[in-house]
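Structure data follow from target.cif (mmCIF, C-alpha atoms):
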data_protein
#
loop_
_atom_site.group_PDB
_atom_site.id
_atom_site.type_symbol
_atom_site.label_atom_id
_atom_site.label_comp_id
_atom_site.auth_asym_id
_atom_site.auth_seq_id
_atom_site.Cartn_x
_atom_site.Cartn_y
_atom_site.Cartn_z
ATOM 1 C CA MET A 194 37.724 32.386 -28.032
ATOM 2 C CA ASP A 195 37.967 29.945 -25.172
ATOM 3 C CA SER A 196 35.404 30.041 -22.396
ATOM 4 C CA ILE A 197 37.602 32.015 -19.949
ATOM 5 C CA THR A 198 37.979 34.902 -22.394
ATOM 6 C CA THR A 199 34.283 34.820 -23.249
ATOM 7 C CA ILE A 200 33.271 34.979 -19.606
ATOM 8 C CA ALA A 201 35.773 37.743 -18.838
ATOM 9 C CA VAL A 202 34.647 39.889 -21.788
ATOM 10 C CA ALA A 203 30.958 39.323 -21.078
ATOM 11 C CA SER A 204 31.350 40.100 -17.352
ATOM 12 C CA ILE A 205 33.287 43.310 -17.863
ATOM 13 C CA VAL A 206 31.007 44.641 -20.601
ATOM 14 C CA ILE A 207 27.813 43.712 -18.755
ATOM 15 C CA ALA A 208 29.135 45.217 -15.493
ATOM 16 C CA GLY A 209 29.644 48.540 -17.246
ATOM 17 C CA ILE A 210 26.245 48.414 -18.936
ATOM 18 C CA THR A 211 24.563 47.428 -15.657
ATOM 19 C CA THR A 212 25.915 50.394 -13.722
ATOM 20 C CA GLY A 213 25.387 52.758 -16.657
ATOM 21 C CA PHE A 214 21.747 51.933 -17.273
ATOM 22 C CA GLY A 215 21.056 51.233 -13.617
ATOM 23 C CA THR A 216 22.004 54.758 -12.599
ATOM 24 C CA MET A 217 20.058 56.399 -15.418
ATOM 25 C CA GLY A 218 16.583 55.596 -14.131
ATOM 26 C CA PRO A 219 17.221 56.475 -10.474
ATOM 27 C CA ALA A 220 18.913 59.727 -11.544
ATOM 28 C CA LEU A 221 15.808 60.793 -13.464
ATOM 29 C CA GLY A 222 13.557 59.680 -10.627
ATOM 30 C CA GLU A 223 15.570 61.474 -7.945
ATOM 31 C CA GLY A 224 15.665 64.648 -10.012
ATOM 32 C CA ARG A 225 11.911 64.591 -10.397
ATOM 33 C CA SER A 226 11.268 63.878 -6.729
ATOM 34 C CA VAL A 227 13.670 66.577 -5.509
ATOM 35 C CA SER A 228 12.188 69.186 -7.852
ATOM 36 C CA THR A 229 8.667 68.292 -6.706
ATOM 37 C CA ALA A 230 9.750 68.438 -3.076
ATOM 38 C CA LEU A 231 11.302 71.863 -3.657
ATOM 39 C CA THR A 232 8.049 73.102 -5.182
ATOM 40 C CA ALA A 233 6.135 71.759 -2.201
ATOM 41 C CA LEU A 234 8.637 73.364 0.208
ATOM 42 C CA ALA A 235 8.262 76.731 -1.527
ATOM 43 C CA GLN A 236 4.486 76.522 -1.312
ATOM 44 C CA GLN A 237 4.262 75.211 2.256
ATOM 45 C CA PRO A 238 7.364 76.053 4.289
ATOM 46 C CA ASP A 239 5.499 75.037 7.461
ATOM 47 C CA ALA A 240 5.456 71.397 6.419
ATOM 48 C CA ALA A 241 9.233 71.373 5.884
ATOM 49 C CA ALA A 242 9.938 68.671 8.481
ATOM 50 C CA THR A 243 7.423 66.194 7.062
ATOM 51 C CA ILE A 244 8.353 66.885 3.448
ATOM 52 C CA THR A 245 12.069 66.534 4.152
ATOM 53 C CA ARG A 246 11.646 63.259 6.021
ATOM 54 C CA THR A 247 9.435 61.769 3.333
ATOM 55 C CA LEU A 248 11.849 63.031 0.678
ATOM 56 C CA PHE A 249 14.819 61.354 2.348
ATOM 57 C CA VAL A 250 13.013 58.042 2.744
ATOM 58 C CA GLY A 251 11.821 58.223 -0.846
ATOM 59 C CA LEU A 252 15.271 59.114 -2.139
ATOM 60 C CA ALA A 253 16.787 56.167 -0.304
ATOM 61 C CA MET A 254 14.132 53.896 -1.813
ATOM 62 C CA ILE A 255 14.851 55.185 -5.330
ATOM 63 C CA GLU A 256 18.582 55.085 -4.801
ATOM 64 C CA SER A 257 18.492 51.494 -3.642
ATOM 65 C CA THR A 258 17.643 50.389 -7.203
ATOM 66 C CA ALA A 259 20.895 51.988 -8.351
ATOM 67 C CA ILE A 260 22.667 50.305 -5.448
ATOM 68 C CA TYR A 261 21.294 46.918 -6.551
ATOM 69 C CA CYS A 262 22.769 47.457 -10.021
ATOM 70 C CA PHE A 263 26.072 48.510 -8.455
ATOM 71 C CA VAL A 264 26.140 45.379 -6.278
ATOM 72 C CA VAL A 265 25.435 43.196 -9.313
ATOM 73 C CA SER A 266 28.260 44.785 -11.297
ATOM 74 C CA MET A 267 30.637 44.449 -8.321
ATOM 75 C CA ILE A 268 29.724 40.748 -8.081
ATOM 76 C CA LEU A 269 30.394 40.390 -11.822
ATOM 77 C CA ILE A 270 33.841 41.964 -11.497
ATOM 78 C CA PHE A 271 35.150 40.826 -8.095
ATOM 79 C CA ALA A 272 33.193 37.708 -7.106
ATOM 80 C CA ASN A 273 32.007 36.212 -10.387
ATOM 81 C CA PRO A 274 30.657 32.690 -9.721
ATOM 82 C CA PHE A 275 30.902 31.588 -13.403
ATOM 83 C CA TRP A 276 34.498 32.772 -13.620
ATOM 84 C CA ASN A 277 35.379 30.908 -10.412
ATOM 85 C CA HIS A 278 33.642 27.788 -11.743
ATOM 86 C CA VAL A 279 35.593 27.811 -15.014
ATOM 87 C CA ILE A 280 38.868 28.529 -13.221
ATOM 88 C CA ALA A 281 38.246 25.626 -10.841
ATOM 89 C CA GLN A 282 37.420 23.353 -13.793
ATOM 90 C CA THR A 283 40.559 24.227 -15.744
ATOM 91 C CA ALA A 284 42.676 23.871 -12.599
ATOM 92 C CA GLY A 285 41.149 20.442 -11.978
ATOM 93 C CA GLN A 286 42.050 19.120 -15.446
ATOM 94 C CA MET B 278 40.895 44.365 -3.179
ATOM 95 C CA HIS B 279 38.675 43.559 -0.213
ATOM 96 C CA LEU B 280 35.008 43.378 -1.137
ATOM 97 C CA SER B 281 34.007 43.152 2.533
ATOM 98 C CA PRO B 282 35.703 43.150 5.964
ATOM 99 C CA ASP B 283 34.858 39.422 6.133
ATOM 100 C CA GLU B 284 38.068 38.705 4.245
ATOM 101 C CA MET B 285 40.309 40.332 6.871
ATOM 102 C CA ILE B 286 40.995 37.541 9.346
ATOM 103 C CA PHE B 287 42.676 38.247 12.673
ATOM 104 C CA TRP B 288 42.619 34.833 14.296
ATOM 105 C CA GLU B 289 41.807 31.364 13.037
ATOM 106 C CA HIS B 290 41.410 28.048 14.809
ATOM 107 C CA GLY B 291 39.777 25.142 13.002
ATOM 108 C CA PHE B 292 36.523 26.382 11.546
ATOM 109 C CA LEU B 293 36.370 29.260 14.026
ATOM 110 C CA LYS B 294 37.384 32.484 12.358
ATOM 111 C CA LEU B 295 37.639 35.916 13.922
ATOM 112 C CA ASN B 296 37.320 38.331 11.028
ATOM 113 C CA ALA B 297 37.269 42.121 10.995
ATOM 114 C CA THR B 298 33.451 42.213 10.896
ATOM 115 C CA ILE B 299 33.087 40.380 14.196
ATOM 116 C CA VAL B 300 35.937 42.224 15.895
ATOM 117 C CA PHE B 301 34.679 45.683 14.933
ATOM 118 C CA THR B 302 31.088 44.740 15.799
ATOM 119 C CA TRP B 303 32.224 43.657 19.259
ATOM 120 C CA GLY B 304 34.235 46.850 19.604
ATOM 121 C CA LEU B 305 31.228 48.990 18.704
ATOM 122 C CA MET B 306 28.959 47.002 21.036
ATOM 123 C CA PHE B 307 31.484 47.437 23.821
ATOM 124 C CA VAL B 308 31.848 51.182 23.277
ATOM 125 C CA LEU B 309 28.092 51.767 23.004
ATOM 126 C CA ALA B 310 27.139 49.584 25.986
ATOM 127 C CA VAL B 311 29.920 50.662 28.341
ATOM 128 C CA GLY B 312 29.592 54.292 27.269
ATOM 129 C CA SER B 313 25.881 54.487 27.970
ATOM 130 C CA LYS B 314 26.326 52.536 31.221
ATOM 131 C CA LEU B 315 28.974 55.001 32.393
ATOM 132 C CA ILE B 316 26.854 58.006 31.473
ATOM 133 C CA THR B 317 23.647 56.732 33.067
ATOM 134 C CA ARG B 318 25.443 55.662 36.249
ATOM 135 C CA LYS B 319 24.880 58.994 37.922
ATOM 136 C CA LEU B 320 21.932 60.764 36.342
ATOM 137 C CA SER B 321 20.708 63.988 37.835
ATOM 138 C CA THR B 322 17.211 65.453 37.625
ATOM 139 C CA GLY B 323 18.292 68.871 38.877
ATOM 140 C CA LEU B 324 19.360 71.835 36.795
ATOM 141 C CA LYS B 325 23.032 70.938 37.005
ATOM 142 C CA ARG B 326 23.852 67.945 34.851
ATOM 143 C CA SER B 327 26.873 66.593 33.075
ATOM 144 C CA ARG B 328 27.434 67.314 29.421
ATOM 145 C CA TRP B 329 27.315 63.608 28.582
ATOM 146 C CA GLN B 330 23.876 63.337 30.116
ATOM 147 C CA ASN B 331 22.782 66.254 27.953
ATOM 148 C CA LEU B 332 24.150 64.479 24.887
ATOM 149 C CA LEU B 333 22.309 61.242 25.666
ATOM 150 C CA GLU B 334 19.095 63.139 26.418
ATOM 151 C CA ILE B 335 19.267 64.899 23.052
ATOM 152 C CA VAL B 336 19.862 61.625 21.217
ATOM 153 C CA VAL B 337 17.124 59.708 23.044
ATOM 154 C CA THR B 338 14.472 62.427 22.789
ATOM 155 C CA ALA B 339 15.281 62.987 19.100
ATOM 156 C CA ILE B 340 14.864 59.281 18.331
ATOM 157 C CA GLU B 341 11.654 59.183 20.379
ATOM 158 C CA LYS B 342 10.271 62.168 18.470
ATOM 159 C CA GLN B 343 11.086 60.591 15.113
ATOM 160 C CA ILE B 344 9.424 57.302 16.108
ATOM 161 C CA GLU B 345 6.325 59.204 17.208
ATOM 162 C CA ASP B 346 6.246 61.162 13.942
ATOM 163 C CA VAL B 347 6.166 57.946 11.936
ATOM 164 C CA GLY B 348 2.919 57.006 13.629
ATOM 165 C CA LEU B 349 3.755 54.734 16.538
ATOM 166 C CA ARG B 350 1.686 56.014 19.429
ATOM 167 C CA ASP B 351 3.761 54.602 22.286
ATOM 168 C CA PRO B 352 7.362 55.415 21.289
ATOM 169 C CA LYS B 353 8.904 54.310 24.621
ATOM 170 C CA LYS B 354 7.982 50.719 23.844
ATOM 171 C CA TYR B 355 9.856 50.678 20.527
ATOM 172 C CA LEU B 356 12.693 52.965 21.603
ATOM 173 C CA GLY B 357 14.932 50.103 22.726
ATOM 174 C CA PHE B 358 14.797 48.204 19.447
ATOM 175 C CA LEU B 359 14.688 51.041 16.916
ATOM 176 C CA GLY B 360 17.111 53.224 18.868
ATOM 177 C CA THR B 361 19.649 50.413 19.064
ATOM 178 C CA LEU B 362 19.393 49.753 15.330
ATOM 179 C CA PHE B 363 19.888 53.423 14.524
ATOM 180 C CA LEU B 364 22.719 53.981 16.993
ATOM 181 C CA PHE B 365 24.596 50.876 15.863
ATOM 182 C CA VAL B 366 24.410 51.711 12.168
ATOM 183 C CA ALA B 367 25.213 55.376 12.841
ATOM 184 C CA ALA B 368 28.184 54.542 15.068
ATOM 185 C CA ALA B 369 29.420 51.982 12.530
ATOM 186 C CA SER B 370 29.587 54.623 9.814
ATOM 187 C CA LEU B 371 30.763 57.469 12.069
ATOM 188 C CA CYS B 372 33.798 55.492 13.211
ATOM 189 C CA THR B 373 35.140 55.380 9.640
ATOM 190 C CA ILE B 374 37.143 58.504 10.549
ATOM 191 C CA ILE B 375 39.348 56.225 12.674
ATOM 192 C CA PRO B 376 42.252 54.927 10.544
ATOM 193 C CA GLY B 377 42.361 51.173 10.061
ATOM 194 C CA TYR B 378 38.712 50.780 10.897
ATOM 195 C CA GLN B 379 36.332 49.127 8.472
ATOM 196 C CA PRO B 380 32.593 49.500 8.990
ATOM 197 C CA PRO B 381 31.041 46.135 9.934
ATOM 198 C CA THR B 382 27.924 47.251 8.028
ATOM 199 C CA GLY B 383 30.018 46.946 4.862
ATOM 200 C CA SER B 384 29.642 43.180 5.189
ATOM 201 C CA LEU B 385 26.503 41.491 3.913
ATOM 202 C CA SER B 386 26.407 39.212 6.985
ATOM 203 C CA THR B 387 25.932 42.140 9.388
ATOM 204 C CA THR B 388 23.263 43.868 7.337
ATOM 205 C CA VAL B 389 21.368 40.609 6.767
ATOM 206 C CA ALA B 390 21.456 39.999 10.528
ATOM 207 C CA LEU B 391 20.066 43.490 11.202
ATOM 208 C CA ALA B 392 17.390 43.055 8.529
ATOM 209 C CA LEU B 393 16.427 39.662 10.001
ATOM 210 C CA CYS B 394 15.993 41.368 13.387
ATOM 211 C CA VAL B 395 13.484 43.717 11.730
ATOM 212 C CA PHE B 396 11.877 40.745 9.942
ATOM 213 C CA VAL B 397 11.285 39.042 13.314
ATOM 214 C CA ALA B 398 10.385 42.223 15.212
ATOM 215 C CA VAL B 399 7.561 43.228 12.849
ATOM 216 C CA PRO B 400 5.333 40.178 13.547
ATOM 217 C CA PHE B 401 6.434 40.224 17.203
ATOM 218 C CA PHE B 402 5.162 43.765 17.799
ATOM 219 C CA GLY B 403 2.209 43.197 15.484
ATOM 220 C CA ILE B 404 1.019 40.122 17.419
ATOM 221 C CA GLN B 405 1.671 41.878 20.728
ATOM 222 C CA GLU B 406 -0.485 44.792 19.634
ATOM 223 C CA GLN B 407 -3.435 43.039 18.007
ATOM 224 C CA GLY B 408 -3.186 39.306 18.649
ATOM 225 C CA ILE B 409 -2.269 36.489 16.262
ATOM 226 C CA GLY B 410 -5.605 36.552 14.428
ATOM 227 C CA GLY B 411 -5.582 40.284 13.961
ATOM 228 C CA TYR B 412 -2.009 40.250 12.696
ATOM 229 C CA LEU B 413 -2.531 37.351 10.292
ATOM 230 C CA LYS B 414 -5.694 38.979 8.989
ATOM 231 C CA ALA B 415 -3.556 41.821 7.635
ATOM 232 C CA TYR B 416 -2.085 39.372 5.100
ATOM 233 C CA VAL B 417 -5.464 38.764 3.434
ATOM 234 C CA GLU B 418 -6.465 42.383 3.858
ATOM 235 C CA PRO B 419 -8.040 43.567 0.591
ATOM 236 C CA THR B 420 -8.858 40.076 -0.708
ATOM 237 C CA PHE B 421 -7.558 36.543 -0.277
ATOM 238 C CA ILE B 422 -5.787 36.787 -3.659
ATOM 239 C CA MET B 423 -3.286 39.247 -2.179
ATOM 240 C CA LEU B 424 -1.891 36.657 0.289
ATOM 241 C CA PRO B 425 1.126 35.529 -1.792
ATOM 242 C CA PHE B 426 1.949 39.117 -2.755
ATOM 243 C CA ASN B 427 1.886 40.234 0.860
ATOM 244 C CA ILE B 428 4.249 37.402 1.795
ATOM 245 C CA ILE B 429 6.553 38.256 -1.131
ATOM 246 C CA SER B 430 6.607 41.914 -0.121
ATOM 247 C CA GLU B 431 7.506 40.925 3.440
ATOM 248 C CA ILE B 432 10.519 38.936 2.209
ATOM 249 C CA SER B 433 11.618 41.329 -0.521
ATOM 250 C CA ARG B 434 11.618 44.350 1.765
ATOM 251 C CA THR B 435 13.846 42.483 4.215
ATOM 252 C CA LEU B 436 16.236 41.720 1.361
ATOM 253 C CA ALA B 437 16.069 45.336 0.191
ATOM 254 C CA LEU B 438 16.826 46.591 3.702
ATOM 255 C CA ALA B 439 19.916 44.391 3.895
ATOM 256 C CA VAL B 440 21.259 45.044 0.389
ATOM 257 C CA ARG B 441 20.623 48.804 0.569
ATOM 258 C CA LEU B 442 22.745 49.282 3.681
ATOM 259 C CA PHE B 443 25.422 46.862 2.453
ATOM 260 C CA GLY B 444 25.608 48.478 -0.985
ATOM 261 C CA ASN B 445 25.896 51.992 0.382
ATOM 262 C CA MET B 446 28.612 51.136 2.897
ATOM 263 C CA MET B 447 30.525 48.902 0.487
ATOM 264 C CA SER B 448 30.383 51.451 -2.327
ATOM 265 C CA GLY B 449 31.770 54.145 -0.022
ATOM 266 C CA ALA B 450 34.784 52.016 0.902
ATOM 267 C CA MET B 451 35.207 50.844 -2.696
ATOM 268 C CA ILE B 452 35.161 54.345 -4.204
ATOM 269 C CA ILE B 453 37.738 55.566 -1.671
ATOM 270 C CA GLY B 454 39.899 52.536 -2.448
ATOM 271 C CA ILE B 455 39.733 53.187 -6.194
ATOM 272 C CA LEU B 456 40.400 56.917 -5.777
ATOM 273 C CA LEU B 457 43.455 56.212 -3.614
ATOM 274 C CA THR B 458 45.108 54.612 -6.631
ATOM 275 C CA ILE B 459 44.180 57.462 -8.999
ATOM 276 C CA THR B 460 44.311 60.717 -6.965
ATOM 277 C CA PRO B 461 45.812 59.864 -3.589
ATOM 278 C CA PHE B 462 45.843 63.295 -1.941
ATOM 279 C CA ILE B 463 42.675 65.380 -1.736
ATOM 280 C CA PHE B 464 39.723 63.562 -3.253
ATOM 281 C CA PRO B 465 39.699 60.567 -0.848
ATOM 282 C CA ILE B 466 39.258 63.023 2.048
ATOM 283 C CA VAL B 467 36.345 64.757 0.320
ATOM 284 C CA LEU B 468 34.731 61.414 -0.391
ATOM 285 C CA THR B 469 35.279 60.262 3.186
ATOM 286 C CA ALA B 470 33.267 63.297 4.291
ATOM 287 C CA LEU B 471 30.591 62.388 1.756
ATOM 288 C CA GLY B 472 30.704 58.826 3.106
ATOM 289 C CA LEU B 473 30.035 60.131 6.622
ATOM 290 C CA LEU B 474 26.966 61.984 5.315
ATOM 291 C CA THR B 475 25.573 58.995 3.413
ATOM 292 C CA GLY B 476 26.322 56.786 6.422
ATOM 293 C CA MET B 477 24.214 58.971 8.690
ATOM 294 C CA VAL B 478 21.438 59.166 6.093
ATOM 295 C CA GLN B 479 21.474 55.380 5.715
ATOM 296 C CA ALA B 480 21.321 54.906 9.484
ATOM 297 C CA TYR B 481 18.347 57.258 9.592
ATOM 298 C CA ILE B 482 16.680 55.470 6.676
ATOM 299 C CA PHE B 483 17.225 52.067 8.270
ATOM 300 C CA GLY B 484 15.652 53.184 11.548
ATOM 301 C CA ILE B 485 12.763 55.009 9.869
ATOM 302 C CA LEU B 486 11.967 52.103 7.555
ATOM 303 C CA ALA B 487 11.968 49.652 10.470
ATOM 304 C CA ALA B 488 9.644 52.035 12.334
ATOM 305 C CA VAL B 489 7.366 52.330 9.285
ATOM 306 C CA TYR B 490 7.150 48.546 8.915
ATOM 307 C CA ILE B 491 6.342 48.110 12.606
ATOM 308 C CA ALA B 492 3.781 50.916 12.422
ATOM 309 C CA ALA B 493 2.148 49.255 9.420
ATOM 310 C CA ALA B 494 1.947 45.949 11.288
ATOM 311 C CA THR B 495 0.561 47.392 14.529
ATOM 312 C CA ARG B 496 -2.157 49.794 13.453
ATOM 313 C CA VAL B 497 -4.109 47.883 10.797
ATOM 314 C CA ARG B 498 -7.024 47.056 13.076
ATOM 315 C CA LYS B 499 -7.048 50.407 14.825
ATOM 316 C CA LEU B 500 -7.807 52.184 11.558
ATOM 317 C CA THR B 501 -10.620 49.865 10.505
ATOM 318 C CA PRO B 502 -13.199 50.692 13.236
ATOM 319 C CA GLU B 503 -12.575 54.406 12.736
ATOM 320 C CA ALA B 504 -13.143 54.003 8.987
ATOM 321 C CA ASP B 505 -16.356 52.080 9.676
ATOM 322 C CA ALA B 506 -17.498 54.732 12.147
ATOM 323 C CA SER B 507 -16.888 57.515 9.627
ATOM 324 C CA ILE B 508 -18.879 55.629 7.009
ATOM 325 C CA GLU B 509 -21.782 55.092 9.432
ATOM 326 C CA ALA B 510 -21.727 58.705 10.538
#
For the structure just supplied, provide its representation as structure tokens.
Amino acid sequence: MDSITTIAVASIVIAGITTGFGTMGPALGEGRSVSTALTALAQQPDAAATITRTLFVGLAMIESTAIYCFVVSMILIFANPFWNHVIAQTAGQ
Amino acid sequence: MHLSPDEMIFWEHGFLKLNATIVFTWGLMFVLAVGSKLITRKLSTGLKRSRWQNLLEIVVTAIEKQIEDVGLRDPKKYLGFLGTLFLFVAAASLCTIIPGYQPPTGSLSTTVALALCVFVAVPFFGIQEQGIGGYLKAYVEPTFIMLPFNIISEISRTLALAVRLFGNMMSGAMIIGILLTITPFIFPIVLTALGLLTGMVQAYIFGILAAVYIAAATRVRKLTPEADASIEA
């Protein structure tokens, strides 16, 4: 395989793996935090405002790890620096 | 496929480029500034007031309440900065219902600029509240060993703030774009509605996180004497 094919195959496969594994952890974490928040809400409905606000901030924090993985896979597919480098090199020759 | 509105260029002259990000940012700034100027031109304190004044009062008091809940004791002082951040991000994602519009927060340049504003505002308010010495002391707070970690956390949370907003906005536009090629009729509309929800949540998160960072920078010294007093008592 020449280097263009290698880079293309590696980028596509790794982009899929990145998003796949990157969403797994945050999904588990968000499920846990939501279930805990629901338990807390059922026990103390008076503190609903505080619990909900903290839950939203926490969810956004957890979700941002998934977003990082998504951004990395988008970079690998649409704005891959190694791909661009190899393309520029072959065009220069 | 456009990864960001930076690639849509309206006007170009030499190295000056007017891309969609700048144009839509200016549009939003114009609408927000002129709109609030028009509404506040004739405010009334009586019982009879215009509906727009009611709207602005709801928005401003809600933001003030949220800032106070986070732990900033004087919300009026931070209202200008945090309220502007929230309103800009919220308006940027709300306007996605307008056809042909692309949210400027879907470009990494805009979100990095907003995050840098927070990065500068945190030490600014911190120094204003407790002086340069008091603010810098917070960096060596538990022990001196924590200094590099505190600096790293300062930088990494700025990066996280920028990438989180960018990723959320970009993924919304990207998913709609992909769905348009697969199921062009109903699902893009559903996901646009979902995008509106996540946009509002992200605006809220951005404002709350900025408020939390400022609160953390401004109240370090205030807590210490109280803790000492409780130990002595």
Residue by residue, what does the PyMOL selection byres ((chain B) within 10 of (chain A)) grab here? Present the result as a compact mmCIF listing (two decimals) with C-alpha atoms, in the frame of the given file.
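Contents of out-v1.txt, as written:
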# COMPACT_ATOMS: atom_id res chain seq x y z
CA MET B 278 40.90 44.36 -3.18
CA HIS B 279 38.67 43.56 -0.21
CA LEU B 280 35.01 43.38 -1.14
CA GLN B 343 11.09 60.59 15.11
CA ASP B 346 6.25 61.16 13.94
CA VAL B 347 6.17 57.95 11.94
CA ALA B 437 16.07 45.34 0.19
CA LEU B 438 16.83 46.59 3.70
CA VAL B 440 21.26 45.04 0.39
CA ARG B 441 20.62 48.80 0.57
CA LEU B 442 22.74 49.28 3.68
CA PHE B 443 25.42 46.86 2.45
CA GLY B 444 25.61 48.48 -0.98
CA ASN B 445 25.90 51.99 0.38
CA MET B 447 30.52 48.90 0.49
CA SER B 448 30.38 51.45 -2.33
CA MET B 451 35.21 50.84 -2.70
CA THR B 475 25.57 59.00 3.41
CA VAL B 478 21.44 59.17 6.09
CA GLN B 479 21.47 55.38 5.72
CA TYR B 481 18.35 57.26 9.59
CA ILE B 482 16.68 55.47 6.68
CA PHE B 483 17.23 52.07 8.27
CA ILE B 485 12.76 55.01 9.87
CA LEU B 486 11.97 52.10 7.56
query = What is the distance between atom CA of Thr382 of chain B and atom CA of Ile453 of chain B, in Å to one decimal?
reply =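 If I compute the distance from atom CA of Thr382 of chain B to atom CA of Ile453 of chain B, I get 16.1 Å.
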Exercise on segment 371-386 of chain B, axis-aligned box with 3 Å per side, report centre and edge lengths in Å to one decimal, as AutoDock Vina command-line options:
--center_x 34.4 --center_y 48.9 --center_z 8.6 --size_x 22.0 --size_y 25.3 --size_z 15.3
Do a neighbour search on Ile207 of chain A at 10 Å with all atoms listed in the file, toss out local chain neighbours closer than 3 positions, and write the hits as a compact mmCIF listing (two decimals) with C-alpha atoms, in the frame of the given file.
# COMPACT_ATOMS: atom_id res chain seq x y z
CA ALA A 201 35.77 37.74 -18.84
CA VAL A 202 34.65 39.89 -21.79
CA ALA A 203 30.96 39.32 -21.08
CA SER A 204 31.35 40.10 -17.35
CA ILE A 210 26.24 48.41 -18.94
CA THR A 211 24.56 47.43 -15.66
CA THR A 212 25.92 50.39 -13.72
CA GLY A 213 25.39 52.76 -16.66
CA VAL A 265 25.44 43.20 -9.31
CA SER A 266 28.26 44.78 -11.30
CA LEU A 269 30.39 40.39 -11.82
CA ILE A 270 33.84 41.96 -11.50
message = For a test of reading the model, state the distance in Å between atom CA of Met217 of chain A and atom CA of Ile244 of chain A, rounded to one decimal.
response =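 So the answer is 24.6 Å.
For the file at hand, the PyMOL selection byres ((chain B and resi 329) around 10) resolves to Gly312, Ser313, Leu315, Ile316, Thr317, Leu320, Arg326, Ser327, Arg328, Gln330, Asn331, Leu332, Leu333, Glu334 and Ile335 of chain B.
Atom CA of Pro282 of chain B lies 25.8 Å from atom CA of Ile432 of chain B.
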ask   = Leaving out Ala297 of chain B and any residue of its chain fewer than 3 positions from it, which residues lie within 9 Å of it when counting only C-alpha atoms, given as number ranges by chain?
value = B: 282-287, 300-302, 378-381
query = What do you get, as a ChimeraX atom specification, if you spell out every residue that the PyMOL selection byres ((chain B and resi 356-367) around 7) selects here?
reply = /B:340-341,352-355,368-371,476-477,480-481,483-484,488
